[in-house]
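These notes concern the structure reproduced below.
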Amino acid sequence: MRLGLLTAALPDLSLEACADWAAAKRIWRDRDACWPAGAGAARRYAGVSHIDVTTLTDAQALAIRQMLDARGLSISALAYYPNNLHPDLAHRAEVNDHLRQVIVAAQQLASAL
């Protein structure tokens, strides 16, 4: 059986440190946390941001893919699991806007290399 890792489980590590840890444990896929960056109340119920999709460039996407490939890892998902049906319409809009950025980042990472 091959194992994967949700990087949110390692909130104090960088993406590269998560990749090093995963490679050492012979994990082969990871779900990279992509919640919006923030602190305090803005982080309530939120996850970790190992890939900042709001500023991801094609060059950064390529560097991420190369870094993971060098460790024998691949991305199985970009992790962002908010409530897309939140009753507060302003909050819902923020959540859905960020989700759209995650989708764009997924395309950038998939087409890198």
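In the structure tokens, each chain is lettered A, B, ... as it comes, each chain's residues begin at 1, and ligands are numbered from 1 in order of appearance.
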
* To do: Quick one: everything within 8 Å of Asn84 of chain A, counting only C-alpha atoms, minus sequence neighbours fewer than 6 positions away in the same chain. Send it as number ranges by chain.
  => A: 92, 95-96

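For chain A, the set of residues given strand (DSSP E or B) by DSSP on the backbone reads Gly4, Leu5, Leu6, Arg29, Asp30, Arg31, Asp32, Ala33, Cys34, Ser49, Ser74, Ile75, Ser76, Ala77, Leu78 and Ala79 of chain A.
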
Write out the residues from the selection above, keeping C-alpha atoms, as a PDB file, in the first residue's frame.
ATOM      1  CA  GLY A   4      -0.012   9.949   1.214  1.00  0.00           C
ATOM      2  CA  LEU A   5       0.297  12.947   3.509  1.00  0.00           C
ATOM      3  CA  LEU A   6      -1.854  16.013   4.139  1.00  0.00           C
ATOM      4  CA  ARG A  29       1.914  11.515  -2.613  1.00  0.00           C
ATOM      5  CA  ASP A  30       0.944  14.609  -0.732  1.00  0.00           C
ATOM      6  CA  ARG A  31      -2.012  16.912  -0.433  1.00  0.00           C
ATOM      7  CA  ASP A  32      -0.542  20.360  -0.090  1.00  0.00           C
ATOM      8  CA  ALA A  33      -2.316  22.784   2.238  1.00  0.00           C
ATOM      9  CA  CYS A  34      -3.422  25.959   0.431  1.00  0.00           C
ATOM     10  CA  SER A  49      -0.698  27.488   3.811  1.00  0.00           C
ATOM     11  CA  SER A  74       3.809  13.892  -6.420  1.00  0.00           C
ATOM     12  CA  ILE A  75       0.845  16.105  -5.601  1.00  0.00           C
ATOM     13  CA  SER A  76      -2.456  14.303  -5.238  1.00  0.00           C
ATOM     14  CA  ALA A  77      -4.473  17.396  -4.270  1.00  0.00           C
ATOM     15  CA  LEU A  78      -4.330  20.991  -3.175  1.00  0.00           C
ATOM     16  CA  ALA A  79      -6.002  21.035   0.219  1.00  0.00           C
TER      17      ALA A  79
END

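Closest approach to Asp52 of chain A among A:Leu99, A:Ala22, A:Ala105, A:Ala70 is made by A:Ala105 (distances from only C-alpha atoms).
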
* **All alpha helix (DSSP H) residues (DSSP, backbone) inside chain A, as a VMD selection string** => chain A and resid 15 to 24 58 to 70 89 to 111

Using only N, CA and C atoms, please write the residues we just selected to a file, as a compact mmCIF listing (two decimals), in the first residue's frame.
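See out19.txt below for the written result:
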# COMPACT_ATOMS: atom_id res chain seq x y z
N LEU A 15 7.05 23.77 3.05
CA LEU A 15 6.70 22.72 2.08
C LEU A 15 7.90 21.82 1.82
N GLU A 16 9.07 22.41 1.69
CA GLU A 16 10.27 21.61 1.45
C GLU A 16 10.58 20.69 2.64
N ALA A 17 10.42 21.18 3.85
CA ALA A 17 10.65 20.33 5.03
C ALA A 17 9.61 19.21 5.10
N CYS A 18 8.36 19.51 4.73
CA CYS A 18 7.32 18.46 4.66
C CYS A 18 7.72 17.40 3.64
N ALA A 19 8.23 17.85 2.50
CA ALA A 19 8.65 16.92 1.45
C ALA A 19 9.81 16.06 1.93
N ASP A 20 10.77 16.65 2.63
CA ASP A 20 11.88 15.87 3.17
C ASP A 20 11.37 14.82 4.15
N TRP A 21 10.46 15.21 5.02
CA TRP A 21 9.89 14.28 6.01
C TRP A 21 9.15 13.16 5.30
N ALA A 22 8.33 13.51 4.33
CA ALA A 22 7.55 12.51 3.61
C ALA A 22 8.46 11.53 2.86
N ALA A 23 9.48 12.04 2.21
CA ALA A 23 10.40 11.18 1.47
C ALA A 23 11.12 10.22 2.42
N ALA A 24 11.50 10.71 3.59
CA ALA A 24 12.18 9.86 4.58
C ALA A 24 11.26 8.74 5.08
N ASP A 58 4.26 30.83 -12.50
CA ASP A 58 4.62 29.61 -13.23
C ASP A 58 6.01 29.13 -12.83
N ALA A 59 6.91 30.06 -12.58
CA ALA A 59 8.27 29.69 -12.16
C ALA A 59 8.25 29.02 -10.79
N GLN A 60 7.43 29.54 -9.88
CA GLN A 60 7.32 28.91 -8.55
C GLN A 60 6.67 27.53 -8.67
N ALA A 61 5.67 27.40 -9.52
CA ALA A 61 5.02 26.10 -9.72
C ALA A 61 6.04 25.08 -10.24
N LEU A 62 6.85 25.50 -11.18
CA LEU A 62 7.90 24.62 -11.70
C LEU A 62 8.88 24.23 -10.61
N ALA A 63 9.30 25.19 -9.79
CA ALA A 63 10.24 24.90 -8.70
C ALA A 63 9.64 23.92 -7.70
N ILE A 64 8.36 24.07 -7.40
CA ILE A 64 7.69 23.14 -6.48
C ILE A 64 7.68 21.74 -7.07
N ARG A 65 7.28 21.64 -8.33
CA ARG A 65 7.24 20.33 -8.98
C ARG A 65 8.62 19.68 -9.01
N GLN A 66 9.65 20.46 -9.34
CA GLN A 66 11.00 19.91 -9.39
C GLN A 66 11.46 19.46 -8.01
N MET A 67 11.14 20.25 -6.99
CA MET A 67 11.52 19.89 -5.62
C MET A 67 10.85 18.59 -5.20
N LEU A 68 9.56 18.44 -5.49
CA LEU A 68 8.85 17.22 -5.13
C LEU A 68 9.33 16.03 -5.96
N ASP A 69 9.52 16.24 -7.26
CA ASP A 69 10.00 15.17 -8.13
C ASP A 69 11.36 14.65 -7.66
N ALA A 70 12.23 15.55 -7.22
CA ALA A 70 13.56 15.16 -6.75
C ALA A 70 13.49 14.24 -5.54
N LEU A 89 -22.82 35.93 3.30
CA LEU A 89 -22.53 36.05 1.88
C LEU A 89 -21.15 36.63 1.59
N ALA A 90 -20.69 37.55 2.42
CA ALA A 90 -19.35 38.12 2.23
C ALA A 90 -18.28 37.06 2.48
N HIS A 91 -18.46 36.29 3.55
CA HIS A 91 -17.51 35.21 3.84
C HIS A 91 -17.54 34.16 2.73
N ARG A 92 -18.72 33.82 2.29
CA ARG A 92 -18.87 32.83 1.21
C ARG A 92 -18.13 33.31 -0.04
N ALA A 93 -18.25 34.59 -0.35
CA ALA A 93 -17.56 35.14 -1.53
C ALA A 93 -16.05 35.02 -1.38
N GLU A 94 -15.53 35.32 -0.19
CA GLU A 94 -14.09 35.19 0.06
C GLU A 94 -13.63 33.75 -0.15
N VAL A 95 -14.40 32.82 0.41
CA VAL A 95 -14.08 31.40 0.31
C VAL A 95 -14.08 30.96 -1.15
N ASN A 96 -15.10 31.34 -1.88
CA ASN A 96 -15.20 30.92 -3.27
C ASN A 96 -14.15 31.58 -4.15
N ASP A 97 -13.79 32.83 -3.85
CA ASP A 97 -12.72 33.50 -4.59
C ASP A 97 -11.40 32.76 -4.37
N HIS A 98 -11.14 32.37 -3.13
CA HIS A 98 -9.89 31.65 -2.86
C HIS A 98 -9.91 30.28 -3.54
N LEU A 99 -11.05 29.63 -3.53
CA LEU A 99 -11.16 28.33 -4.21
C LEU A 99 -10.83 28.47 -5.69
N ARG A 100 -11.28 29.52 -6.32
CA ARG A 100 -10.94 29.75 -7.73
C ARG A 100 -9.43 29.88 -7.90
N GLN A 101 -8.75 30.53 -6.96
CA GLN A 101 -7.30 30.66 -7.02
C GLN A 101 -6.62 29.30 -6.85
N VAL A 102 -7.18 28.44 -6.01
CA VAL A 102 -6.65 27.09 -5.84
C VAL A 102 -6.77 26.31 -7.15
N ILE A 103 -7.89 26.48 -7.85
CA ILE A 103 -8.10 25.79 -9.12
C ILE A 103 -7.07 26.26 -10.16
N VAL A 104 -6.83 27.55 -10.22
CA VAL A 104 -5.82 28.09 -11.14
C VAL A 104 -4.44 27.53 -10.78
N ALA A 105 -4.13 27.49 -9.50
CA ALA A 105 -2.83 26.96 -9.05
C ALA A 105 -2.70 25.48 -9.41
N ALA A 106 -3.77 24.74 -9.31
CA ALA A 106 -3.73 23.32 -9.67
C ALA A 106 -3.34 23.17 -11.14
N GLN A 107 -3.88 24.01 -12.00
CA GLN A 107 -3.52 23.98 -13.41
C GLN A 107 -2.07 24.36 -13.61
N GLN A 108 -1.60 25.38 -12.89
CA GLN A 108 -0.20 25.79 -13.00
C GLN A 108 0.72 24.64 -12.60
N LEU A 109 0.40 23.99 -11.49
CA LEU A 109 1.25 22.88 -11.01
C LEU A 109 1.16 21.67 -11.93
N ALA A 110 -0.01 21.42 -12.49
CA ALA A 110 -0.17 20.26 -13.38
C ALA A 110 0.58 20.46 -14.69
N SER A 111 0.65 21.70 -15.17
CA SER A 111 1.29 21.94 -16.45
C SER A 111 2.79 22.26 -16.32

* Asked: Which residue out of A:Ala8, A:Leu85, A:Ile27, A:Arg2 has the minimum interatomic distance to Gly47 of chain A when only C-alpha atoms are used?
  ->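 The closest residue to Gly47 of chain A is A:Ala8.
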
* Structure fact -> Here atom CA of Asp88 of chain A and atom CA of Ala37 of chain A stand apart by 20.4 Å

* To do: Work out how far atom CA of Ala112 of chain A is from atom CA of Leu13 of chain A, in Å to one decimal.
  =>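 Computing the Euclidean distance for atom CA of Leu13 of chain A and atom CA of Ala112 of chain A yields 23.6 Å.
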
* Asked: So how far away is atom CA of Ile51 of chain A from atom CA of Thr7 of chain A, in Å?
  ->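 Computing the Euclidean distance for atom CA of Thr7 of chain A and atom CA of Ile51 of chain A yields 10.1 Å.
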